[in-house]
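Undergrad: I'd like to ask you about the structure that follows.
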Amino acid sequence: MREAVAGRYIGQRVRRVEDQRLLTGRGSFVADVEPEGTVHAAFVRSPFANANIVSIDHSVASRAKGVVAIYTGAEICLLTNPFIPFSNLPGQFTPPFWALAVDRVRFVGDPVAVVLAYSRALAEDAAELVEIEYQELTPVVSIDDALRTDSEPIWPAAGSNILYEAADQFGEVDEAFRKADRVFTETFTSHRLSNQPLETRGCVAEVDPESDEVVFHAATQAGHALRWTLAAVTARQSAVKSIRALAGNRGRLKAFARGAKAALAGTGDQLKKADSSGTIHQIRKDPRTLLYLGRSFLGTLSAERFPRVVAKDIGGGFGSKGPVSREDAVILAVAMELNRSVKWIEDRVENLTDGGQARDERLTISFAVQDDGTILGMKANLVMNQGAYPGVPFNCGLFSRIMKVMLPGTYRIDAFRLDTTVVASNKGRYIPYRGPWANETWARERMLDVVARELGMSATQLRLKNMYHPSELPAKMITGPTLDPTMTAATTLQRAIELAEPAAFAAKQEDARSRGRLLGIGFATYHEAAPGPPDYTDAVTPGVGALLAEKSEISLEADGTVTIRTQQMPHGQSHETTYAQVAADQLGVPMEQVRLVWGDTKNTPFGIMGTGGSRGGPIGGGAVQFSSRALRTKILDQAADLLEANVNDLEIVDGNIHVRGVPAKGKSFAEVAAAAASAGGGIGDEPAITAEFTYNGPPQGGWACATHVCWVEIDPDTGFVTIPRYLVVEDCGEMINPAIVEGQVRGGVAQGIGAVLYEKTNYDEFGNLQSSTYMDYLMPTAMEIPEIELHHLETPSEVEANYRGVGEGGAIGAPPALTNAIENALAHLGVRITEQHLPPHRILELTGVIKPNVASR
Amino acid sequence: MPAFAYHRPASLDEALDLLSRFGEDAKILAGGQSLLPLMALRLSHPANLVDISRVPGLNEIVEDVEGGLAIGATVTHTRAEEAEAVHRLTPLVAAALPLVGHRAIRNRGTVVGSLAHADPAAELPAVALALGARFIAVKSGGQRRVAAADFFSGFLTTDLAPDELLLAVGFPPQKPRTGVSVKEISRRSGDFAIVGLAATVSLDEAGLIASSALSFFGAASTAVRVTEAEEALAGQSPGPEAFEEAARIVSQSLDPPEDANGTTAYRKHVAGVLTRNALADAIDQIGFAA
Ligand SMILES: Cc1cc2nc3c(=O)[nH]c(=O)nc-3n(C[C@H](O)[C@H](O)[C@H](O)COP(=O)(O)OP(=O)(O)OC[C@H]3O[C@@H](n4cnc5c(N)ncnc54)[C@H](O)[C@@H]3O)c2cc1C
């Protein structure tokens, strides 16, 4: 381990600043918040997947010990607006829905009523006493159920259970398939997963009965998005009242207009690329959307109380705490109605049921290839099972667009067609999960192995032959984004081949087979937009890129310390450490002098993304770097005055600003701060000098690349898969902190292995959830996860702040590497792996040892 | 967790009094490793919990004169696992204990509690069945002994009446020339088994199989022995052929339930695989033969 040196932190394995606090039990999580007089919430949830609510009787429950109030869907409709789509793709229908089920339940766990009592236990006791009569309807569970033309629409306004269909074509697809020597087609299905952060969801709506202030404490990955969404949903008042209030409160209107203008400044051109036909389609299908939109908009502008969102430590999210939960809106609405603080911390059963689920996709892929392995074209058909309620603010539609752009991967594919369908079903809501597009990588990398086998080539040979090598770049992916020479996926594969020696392994495998042992090796290579170049965002969602910019505010405090304010919401990614490293290097101060402020919408810059999408390093970190530089310039200017020296002669070493070579006559940051404060007429604790920078990622590049290699041994008697070796070669550009990069990659790989061998959100054919506890939803533990070997390429770039995200990659690479290894181990038995979840019994079904049981899959 | 009244009797009589007073409305609380999760999930709503942890005299492991062993009601898995007498006198129990959950669970959970709970996937009921253990049940004004074969009556149910407390479990001495083995597969380390078995094999002086026990967990609604396979082994020379045949009978005769961790076909197949492995393992320990 290299020791940290002040003045050069980037690239060092600096110890996490967060650990002291978290490991000594001094973290502060939402469950630790409990204002005086708080009442506790428990939700009454549907036991049925699909049913009409006939009646609700809470008279007995209301009289139960400690109960303060009970609200049902009918009452929530009077207190809130429905959730309406944040953005709609052309042709997409996104049903508006209420925070509680109103006259119909749509999945097992759908919240029907909320009970508020003096403790969570009392609320749960009373919740059991709420009597609800249901009339069961036929559940729609699987993708095939939903696609059946006679399946009853879960959202009647949609007209069917198909919510979105799109066809995208690039290049001459038919011709490519006509010309090809061979065409291979296979269908791949992935099961449902659940994100499973250590800390479940939770919130406390803190209402000060004396004032109008409402503080919404939450475990959230995106505080500002949560704030605005909740404001829109809970701002329920008549239009007349809204308009009156607006007239009386021009301040907010003006502030809003100013904000909108600022947000649009310089981005108007980008926004023009946006296609608004989705919203029009939506309104046509369900005209009430217009009413809801208007009411939410007016209400948001005029409501008396506007929540402030505060988050402190967050115990993980993996994407699940970016979406806004319906429960959040219920808690805020009832707290404002009761004028008292309300707390809800969900338990694990609720989290597994309604905390968000992911994947659940089917991808059919066809490759048109020449006998020598040259890929001429690719066709894919993607079906995504959204579950009942669309995710807010992002639903399946957006993630399908990422898959559209990324499906061709790092391969030279000149003809590509994708057909996309999003269906509704009576399952929990689909949300993003670490690499929400990951199944495009899984299915493509799986399919390439299939093609290689059919052609009698090695899997690595086929990949290398078709891949873009850095020397051939820049080039454009057929789907739009530009790959620059720092897109080094091919280099990671070459390095992985050197390290893994697949040829030597093949001999070992042969020998093992002759002795009844099943060994296998699997490769997977990908590049991911982390964050990608601007034309990547344009290819995914034209016009939206502008909204993703991120501001970093930085200040020199009166005491000489430096404070950074970010819209990022660290929840395990070590921002306090890495941002301090970045800023300290720019400013020339010890890291300990830099402090990160996050989590409170009142004192952090606005940003809708929060932490997600592997953006914390590249965009958040980039913003910190550039704002720190701006601050440095201002500090040096001030110091030059003070030292009566030329700015260009100054240097900063370990917090001492002096004329180069004359450290003895230097000034400290505190002295500069004092000078700046008196010059600016500042007093007391106000920051002495401030700077800021808004950053939206690099002008080019921004690709993180990796190759994963997985070795397996499979027990032919029991079907158990063990992983004797696992290797990752990755390139995320310059590493701010290698230890943190490695932690991110390892955690992702663990989740990818979990997906294949252990974790499954399991619904039966009636839509009953079979995996609502950790007895049935199997999280891998340290015992199940192998040592993960990591190798880094740090490809330099002419682009400054050459940091590329590593939050998601591990989880993307592991499922294809592992399933490829499993097929490789079983190839001589004629096994083809087309599903992602492979518990031991499924392995033995595939090897023909036991009879398949379709129902149990 | 639903509300309940908590009682912590200081004597056995007091405990039995409480049980006879509340009957169906009371549950004994031993290590709580099975009962409390059920209550937390609101699947069990006992009005009264009778915590027996402070009842004197129950936390004992006693050797009897015939070479058998009795384990009292509050002896934890860990304490039994670490007791020299358990290894010496009941190697099958000693072999099973490390497979019961994780260390943290074994530190609190009790041997007798596991038997009283009668989870069909638990190791110890199958061990008790394999060894022909005897259960000592007490209630106000009476004590009785129940044979293992009569004790486990169904899924999570035993022959115990609501007012009875399982005082101890007694294991008979191990026969000469006996080898034992516990084999199981579980999805993750420390999980309940998908399927497993506790096996004993005893040889006669000629080195042929005199008797055996093949007692399965995770294979039915209770622990079960496959007597046809045991009978088929009797008189056989211990070796791959005999084991293969026993495995075949096991796979054929079991009809395990299915869940996400394993289909019926899978459990049947693996039960056979484990039978083979367990028999070979048990014979290895005897040190001669085959
Ligand atoms: C995560 C986890 C994993 C586990 N894995 C395994 C495993 O792999 N294998 C396994 O076998 N077990 C496993 N267990 C269960 C564990 O072994 C329990 O310790 C055991 O099942 C019950 O013992 P207890 O003392 O905790 O009983 P309790 O939970 O206190 O009681 C269980 C039941 O037995 C009754 N009872 C207890 N003592 C008596 C008595 N003396 N007389 C009459 N009735 C009584 C109680 O009333 C209750 O109904 C696991 C538990 C957990 C939480």
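Each chain in the structure tokens gets a letter, A, B, ..., in the order shown, and its residues are numbered from 1; ligands are numbered from 1 in order too.
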Please report, as a tab-separated table, each residue of chain A lying at most 12 Å from ligand 1, together with the nearest pair of atoms and the separation in Å rounded to one decimal; use only C-alpha atoms and all ligand atoms, and order rows by chain and ascending residue number.

TA:
```
residue	atom	partner	partner_atom_place_in_ligand_line	distance
A:Thr773	CA	ligand 1	1 (C)	10.9
A:Tyr774	CA	ligand 1	1 (C)	8.6
A:Met775	CA	ligand 1	1 (C)	7.6
A:Asp776	CA	ligand 1	1 (C)	11.3
A:Leu778	CA	ligand 1	1 (C)	11.4
```

Undergrad: Only N, CA, C and O atoms, please: the residues just picked out, written as a compact mmCIF listing (two decimals), in the first residue's frame.

TA:
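Saved the output as selection_17.txt:
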```txt
# COMPACT_ATOMS: atom_id res chain seq x y z
N THR A 773 -38.99 -13.23 2.52
CA THR A 773 -38.06 -13.15 3.65
C THR A 773 -36.70 -13.64 3.17
O THR A 773 -36.58 -14.24 2.10
N TYR A 774 -35.71 -13.47 4.03
CA TYR A 774 -34.36 -13.93 3.69
C TYR A 774 -34.22 -15.45 3.80
O TYR A 774 -33.15 -15.99 3.52
N MET A 775 -35.28 -16.13 4.21
CA MET A 775 -35.26 -17.59 4.12
C MET A 775 -35.37 -18.01 2.66
O MET A 775 -34.92 -19.07 2.27
N ASP A 776 -36.05 -17.17 1.87
CA ASP A 776 -36.35 -17.55 0.50
C ASP A 776 -35.66 -16.67 -0.54
O ASP A 776 -35.49 -17.08 -1.67
N LEU A 778 -32.33 -15.46 -1.31
CA LEU A 778 -31.01 -15.83 -0.80
C LEU A 778 -29.96 -14.81 -1.20
O LEU A 778 -29.58 -14.73 -2.36
```

Undergrad: Using the chain letters and numbers from this document, which residues of region 157-281 of chain B does DSSP assign to helix (DSSP H, G or I), as a PyMOL selection string?

TA: chain B and resi 227-233+240-253+264-281

Undergrad: Could you dump the residues just selected with N, CA, C and O atoms as a short mmCIF file (atom, residue, chain, number, x, y, z; two decimals), in the first residue's frame?

TA:
```
data_model
loop_
_atom_site.label_atom_id
_atom_site.label_comp_id
_atom_site.auth_asym_id
_atom_site.auth_seq_id
_atom_site.Cartn_x
_atom_site.Cartn_y
_atom_site.Cartn_z
N THR B 227 -36.65 -47.36 5.69
CA THR B 227 -36.38 -48.69 6.25
C THR B 227 -36.10 -49.73 5.16
O THR B 227 -35.30 -50.64 5.38
N GLU B 228 -36.72 -49.58 3.98
CA GLU B 228 -36.43 -50.57 2.93
C GLU B 228 -34.95 -50.58 2.59
O GLU B 228 -34.36 -51.63 2.37
N ALA B 229 -34.39 -49.39 2.54
CA ALA B 229 -32.96 -49.32 2.21
C ALA B 229 -32.12 -49.90 3.35
O ALA B 229 -31.13 -50.59 3.12
N GLU B 230 -32.54 -49.60 4.58
CA GLU B 230 -31.81 -50.15 5.74
C GLU B 230 -31.86 -51.68 5.71
O GLU B 230 -30.85 -52.36 5.94
N GLU B 231 -33.05 -52.21 5.37
CA GLU B 231 -33.20 -53.67 5.33
C GLU B 231 -32.37 -54.27 4.21
O GLU B 231 -31.76 -55.33 4.37
N ALA B 232 -32.33 -53.56 3.09
CA ALA B 232 -31.56 -54.08 1.96
C ALA B 232 -30.07 -54.15 2.30
O ALA B 232 -29.34 -54.99 1.77
N LEU B 233 -29.63 -53.26 3.17
CA LEU B 233 -28.21 -53.24 3.53
C LEU B 233 -27.84 -54.39 4.48
O LEU B 233 -26.70 -54.84 4.50
N PRO B 240 -19.30 -50.31 -2.50
CA PRO B 240 -20.01 -49.48 -3.48
C PRO B 240 -21.31 -50.11 -3.99
O PRO B 240 -22.30 -49.40 -4.17
N GLU B 241 -21.29 -51.41 -4.19
CA GLU B 241 -22.50 -52.03 -4.75
C GLU B 241 -23.68 -51.91 -3.80
O GLU B 241 -24.77 -51.53 -4.21
N ALA B 242 -23.42 -52.29 -2.55
CA ALA B 242 -24.50 -52.23 -1.55
C ALA B 242 -24.95 -50.78 -1.37
O ALA B 242 -26.15 -50.50 -1.24
N PHE B 243 -24.01 -49.87 -1.38
CA PHE B 243 -24.35 -48.46 -1.15
C PHE B 243 -25.18 -47.93 -2.33
O PHE B 243 -26.13 -47.17 -2.15
N GLU B 244 -24.78 -48.35 -3.52
CA GLU B 244 -25.49 -47.90 -4.71
C GLU B 244 -26.95 -48.37 -4.67
O GLU B 244 -27.87 -47.62 -4.98
N GLU B 245 -27.12 -49.61 -4.25
CA GLU B 245 -28.46 -50.17 -4.18
C GLU B 245 -29.29 -49.42 -3.11
O GLU B 245 -30.45 -49.07 -3.35
N ALA B 246 -28.67 -49.17 -1.98
CA ALA B 246 -29.37 -48.41 -0.93
C ALA B 246 -29.75 -47.03 -1.47
O ALA B 246 -30.88 -46.55 -1.26
N ALA B 247 -28.83 -46.40 -2.18
CA ALA B 247 -29.09 -45.06 -2.75
C ALA B 247 -30.26 -45.12 -3.71
O ALA B 247 -31.13 -44.23 -3.72
N ARG B 248 -30.29 -46.17 -4.51
CA ARG B 248 -31.37 -46.32 -5.50
C ARG B 248 -32.73 -46.42 -4.78
O ARG B 248 -33.70 -45.76 -5.16
N ILE B 249 -32.76 -47.23 -3.73
CA ILE B 249 -34.02 -47.40 -2.99
C ILE B 249 -34.44 -46.08 -2.35
O ILE B 249 -35.60 -45.70 -2.38
N VAL B 250 -33.46 -45.39 -1.80
CA VAL B 250 -33.76 -44.10 -1.17
C VAL B 250 -34.38 -43.14 -2.19
O VAL B 250 -35.45 -42.55 -1.96
N SER B 251 -33.73 -43.00 -3.34
CA SER B 251 -34.23 -42.06 -4.35
C SER B 251 -35.63 -42.45 -4.80
O SER B 251 -36.46 -41.59 -5.09
N GLN B 252 -35.86 -43.74 -4.84
CA GLN B 252 -37.15 -44.21 -5.31
C GLN B 252 -38.24 -44.01 -4.27
O GLN B 252 -39.36 -43.61 -4.60
N SER B 253 -37.92 -44.26 -3.01
CA SER B 253 -39.01 -44.30 -2.04
C SER B 253 -39.33 -42.94 -1.42
O SER B 253 -40.45 -42.74 -0.96
N THR B 264 -38.90 -31.79 -6.37
CA THR B 264 -39.02 -33.15 -5.83
C THR B 264 -37.98 -34.06 -6.47
O THR B 264 -37.26 -34.79 -5.78
N ALA B 265 -37.88 -33.99 -7.79
CA ALA B 265 -36.94 -34.86 -8.50
C ALA B 265 -35.51 -34.60 -8.01
O ALA B 265 -34.72 -35.53 -7.83
N TYR B 266 -35.21 -33.32 -7.78
CA TYR B 266 -33.86 -32.98 -7.33
C TYR B 266 -33.58 -33.56 -5.95
O TYR B 266 -32.55 -34.17 -5.70
N ARG B 267 -34.52 -33.36 -5.05
CA ARG B 267 -34.30 -33.86 -3.68
C ARG B 267 -34.17 -35.38 -3.67
O ARG B 267 -33.34 -35.93 -2.95
N LYS B 268 -34.99 -36.05 -4.47
CA LYS B 268 -34.90 -37.52 -4.54
C LYS B 268 -33.51 -37.94 -5.02
O LYS B 268 -32.86 -38.79 -4.42
N HIS B 269 -33.09 -37.30 -6.08
CA HIS B 269 -31.79 -37.65 -6.65
C HIS B 269 -30.66 -37.40 -5.65
O HIS B 269 -29.81 -38.27 -5.41
N VAL B 270 -30.68 -36.22 -5.07
CA VAL B 270 -29.57 -35.87 -4.18
C VAL B 270 -29.60 -36.72 -2.91
O VAL B 270 -28.55 -37.08 -2.37
N ALA B 271 -30.80 -37.10 -2.47
CA ALA B 271 -30.88 -37.97 -1.29
C ALA B 271 -30.11 -39.26 -1.58
O ALA B 271 -29.39 -39.78 -0.71
N GLY B 272 -30.21 -39.76 -2.79
CA GLY B 272 -29.46 -40.95 -3.17
C GLY B 272 -27.95 -40.70 -3.16
O GLY B 272 -27.18 -41.49 -2.60
N VAL B 273 -27.57 -39.58 -3.75
CA VAL B 273 -26.14 -39.23 -3.78
C VAL B 273 -25.58 -39.15 -2.36
O VAL B 273 -24.52 -39.69 -2.04
N LEU B 274 -26.34 -38.49 -1.49
CA LEU B 274 -25.87 -38.31 -0.11
C LEU B 274 -25.82 -39.66 0.61
O LEU B 274 -24.95 -39.88 1.46
N THR B 275 -26.76 -40.54 0.30
CA THR B 275 -26.78 -41.86 0.92
C THR B 275 -25.47 -42.59 0.62
O THR B 275 -24.79 -43.09 1.52
N ARG B 276 -25.13 -42.60 -0.65
CA ARG B 276 -23.87 -43.22 -1.06
C ARG B 276 -22.69 -42.65 -0.29
O ARG B 276 -21.89 -43.37 0.30
N ASN B 277 -22.62 -41.32 -0.29
CA ASN B 277 -21.48 -40.67 0.35
C ASN B 277 -21.46 -40.91 1.85
O ASN B 277 -20.40 -41.13 2.44
N ALA B 278 -22.63 -40.86 2.47
CA ALA B 278 -22.69 -41.01 3.92
C ALA B 278 -22.31 -42.43 4.33
O ALA B 278 -21.59 -42.63 5.31
N LEU B 279 -22.77 -43.41 3.57
CA LEU B 279 -22.44 -44.79 3.92
C LEU B 279 -20.94 -45.03 3.79
O LEU B 279 -20.32 -45.61 4.69
N ALA B 280 -20.38 -44.54 2.72
CA ALA B 280 -18.93 -44.72 2.54
C ALA B 280 -18.17 -44.04 3.66
O ALA B 280 -17.21 -44.59 4.22
N ASP B 281 -18.62 -42.87 4.01
CA ASP B 281 -17.99 -42.09 5.06
C ASP B 281 -18.09 -42.82 6.41
O ASP B 281 -17.11 -42.92 7.16
#
```

Undergrad: Enumerate, as a ChimeraX atom specification, the complete set of residues in region 2-180 of chain B that a backbone-based DSSP assignment places in strand (DSSP E or B).

TA: /B:5-7,26-29,48-51,61-63,69-72,76,110,134-139,142-147,152-154,157-158,165-171,178-180

Undergrad: Need to verify the contact set: Glu845 (chain A), 10 Å, only C-alpha atoms, exclusion of same-chain residues closer than 4 positions in sequence. Can you return it as a list in words?

TA: Gly719, Val831, Pro840, His841, Val849, Ile850, Lys851, Pro852 and Asn853 of chain A; Thr263, Ala265 and Tyr266 of chain B

Undergrad: So that I can see what lies close to Ser627 (chain A), please list as a list in words the residues with an atom at most 8 Å from it, counting only C-alpha atoms and leaving out residues fewer than 3 positions away in the same chain.

TA: Ser552, Glu553, Ile554, Ala623, Val624, Ala630, Leu631, Ala691, Glu692 and Phe693 of chain A

Undergrad: Taking N, CA, C and O atoms for each residue, export the selection above as a PDB file, in the first residue's frame.

TA:
```
ATOM      1  N   SER A 552     -21.190  22.025  -8.509  1.00  0.00           N
ATOM      2  CA  SER A 552     -20.458  21.890  -7.252  1.00  0.00           C
ATOM      3  C   SER A 552     -20.218  23.294  -6.711  1.00  0.00           C
ATOM      4  O   SER A 552     -19.761  24.167  -7.438  1.00  0.00           O
ATOM      5  N   GLU A 553     -20.565  23.513  -5.464  1.00  0.00           N
ATOM      6  CA  GLU A 553     -20.288  24.800  -4.814  1.00  0.00           C
ATOM      7  C   GLU A 553     -19.177  24.570  -3.802  1.00  0.00           C
ATOM      8  O   GLU A 553     -19.177  23.551  -3.105  1.00  0.00           O
ATOM      9  N   ILE A 554     -18.287  25.523  -3.738  1.00  0.00           N
ATOM     10  CA  ILE A 554     -17.144  25.317  -2.839  1.00  0.00           C
ATOM     11  C   ILE A 554     -16.829  26.630  -2.159  1.00  0.00           C
ATOM     12  O   ILE A 554     -16.979  27.697  -2.754  1.00  0.00           O
ATOM     13  N   ALA A 623     -16.986  18.026 -11.341  1.00  0.00           N
ATOM     14  CA  ALA A 623     -17.492  19.327 -10.880  1.00  0.00           C
ATOM     15  C   ALA A 623     -16.681  19.818  -9.681  1.00  0.00           C
ATOM     16  O   ALA A 623     -16.357  21.003  -9.572  1.00  0.00           O
ATOM     17  N   VAL A 624     -16.339  18.895  -8.796  1.00  0.00           N
ATOM     18  CA  VAL A 624     -15.534  19.275  -7.627  1.00  0.00           C
ATOM     19  C   VAL A 624     -14.155  19.765  -8.087  1.00  0.00           C
ATOM     20  O   VAL A 624     -13.639  20.781  -7.624  1.00  0.00           O
ATOM     21  N   ALA A 630     -11.413  26.839  -9.546  1.00  0.00           N
ATOM     22  CA  ALA A 630     -11.904  28.219  -9.549  1.00  0.00           C
ATOM     23  C   ALA A 630     -11.641  28.869  -8.190  1.00  0.00           C
ATOM     24  O   ALA A 630     -11.250  30.039  -8.102  1.00  0.00           O
ATOM     25  N   LEU A 631     -11.845  28.087  -7.146  1.00  0.00           N
ATOM     26  CA  LEU A 631     -11.599  28.634  -5.810  1.00  0.00           C
ATOM     27  C   LEU A 631     -10.110  28.922  -5.623  1.00  0.00           C
ATOM     28  O   LEU A 631      -9.726  29.946  -5.051  1.00  0.00           O
ATOM     29  N   ALA A 691     -16.825  29.714  -4.762  1.00  0.00           N
ATOM     30  CA  ALA A 691     -16.740  29.480  -6.202  1.00  0.00           C
ATOM     31  C   ALA A 691     -17.685  28.338  -6.525  1.00  0.00           C
ATOM     32  O   ALA A 691     -18.137  27.624  -5.633  1.00  0.00           O
ATOM     33  N   GLU A 692     -18.001  28.205  -7.795  1.00  0.00           N
ATOM     34  CA  GLU A 692     -18.855  27.083  -8.174  1.00  0.00           C
ATOM     35  C   GLU A 692     -18.555  26.697  -9.606  1.00  0.00           C
ATOM     36  O   GLU A 692     -17.914  27.442 -10.353  1.00  0.00           O
ATOM     37  N   PHE A 693     -19.017  25.485  -9.956  1.00  0.00           N
ATOM     38  CA  PHE A 693     -18.815  25.038 -11.329  1.00  0.00           C
ATOM     39  C   PHE A 693     -19.919  24.047 -11.672  1.00  0.00           C
ATOM     40  O   PHE A 693     -20.243  23.173 -10.881  1.00  0.00           O
TER      41      PHE A 693
END
```

Undergrad: Each residue of chain A with at least one atom at most 8 Å from chain B should appear once, together with its nearest atom pair and the corresponding distance in Å (one decimal); atoms considered: only C-alpha atoms; ordering: chain, then increasing residue number; output as a Markdown table.

TA:
```
| residue | atom | partner | partner_atom | distance |
| --- | --- | --- | --- | --- |
| A:Ala121 | CA | B:Met1 | CA | 6.3 |
| A:Glu124 | CA | B:Pro2 | CA | 7.9 |
| A:Asp125 | CA | B:Pro2 | CA | 6.4 |
| A:Asp717 | CA | B:Val273 | CA | 6.7 |
| A:Thr718 | CA | B:Val270 | CA | 6.1 |
| A:Tyr758 | CA | B:Arg187 | CA | 7.6 |
| A:Asn762 | CA | B:Ala260 | CA | 8.0 |
| A:Asp776 | CA | B:Ala260 | CA | 7.6 |
| A:Pro780 | CA | B:Arg188 | CA | 7.4 |
| A:Thr781 | CA | B:Arg188 | CA | 7.9 |
| A:Met783 | CA | B:Ser189 | CA | 6.6 |
| A:Glu784 | CA | B:Arg188 | CA | 6.8 |
| A:Pro839 | CA | B:Asn261 | CA | 7.3 |
| A:Pro840 | CA | B:Gly262 | CA | 7.6 |
| A:His841 | CA | B:Tyr266 | CA | 5.6 |
| A:Leu844 | CA | B:Tyr266 | CA | 7.7 |
| A:Ile850 | CA | B:Ala265 | CA | 6.1 |
| A:Lys851 | CA | B:Ala265 | CA | 6.7 |
| A:Asn853 | CA | B:Thr263 | CA | 7.2 |
| A:Ser856 | CA | B:Ala260 | CA | 6.5 |
| A:Arg857 | CA | B:Ala260 | CA | 7.8 |
```

Undergrad: Pick out the residues sitting within 6 Å of region 140-148 of chain A, and hand them over as a list in words; count only C-alpha atoms, and ignore anything fewer than 5 positions along from it in its own chain.

TA: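 The neighbour list is Asn161, Ser425, Asn426 and Gly767 of chain A.
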
Undergrad: Using only C-alpha atoms, which protein or nucleic acid residues come within 7 Å of Ala282 (chain B)? Drop anything in the same chain fewer than 4 positions from it, and give the result as a list in words.

TA: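 The residues that qualify are Gly179, Val180, Ser181, Thr200, Val201, Ala278 and Ile286 of chain B.
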
Undergrad: So that I can check the surroundings of Leu163 (chain A), please list as a list in words every protein, DNA and RNA residue that reaches within 8 Å of it, counting only C-alpha atoms and ignoring chain neighbours fewer than 2 positions away.

TA: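 Listing them by chain and then by number gives Gln92, Phe93, Thr94, Ala158, Ser160, Asn161, Glu165, Thr421, Val422, Val423 and Ala424 of chain A.
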
Undergrad: Just give me the gap between CA of Leu407 (chain A) and CA of Gln169 (chain A) in Å, one decimal is fine.

TA: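 Between CA of Leu407 (chain A) and CA of Gln169 (chain A) the gap is 12.4 Å.
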
Undergrad: CA of Leu167 (chain B) to CA of Ala137 (chain B): how many Å, to one decimal?

TA: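 Computing the Euclidean distance for CA of Leu167 (chain B) and CA of Ala137 (chain B) yields 5.6 Å.
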
Undergrad: Of the candidates A:Thr633, A:Gln836, A:Ser28, A:Thr441, which one gets nearest to Ile812 (chain A) if we count only C-alpha atoms?

TA: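 With only C-alpha atoms as the atom set, the closest residue is A:Thr441.
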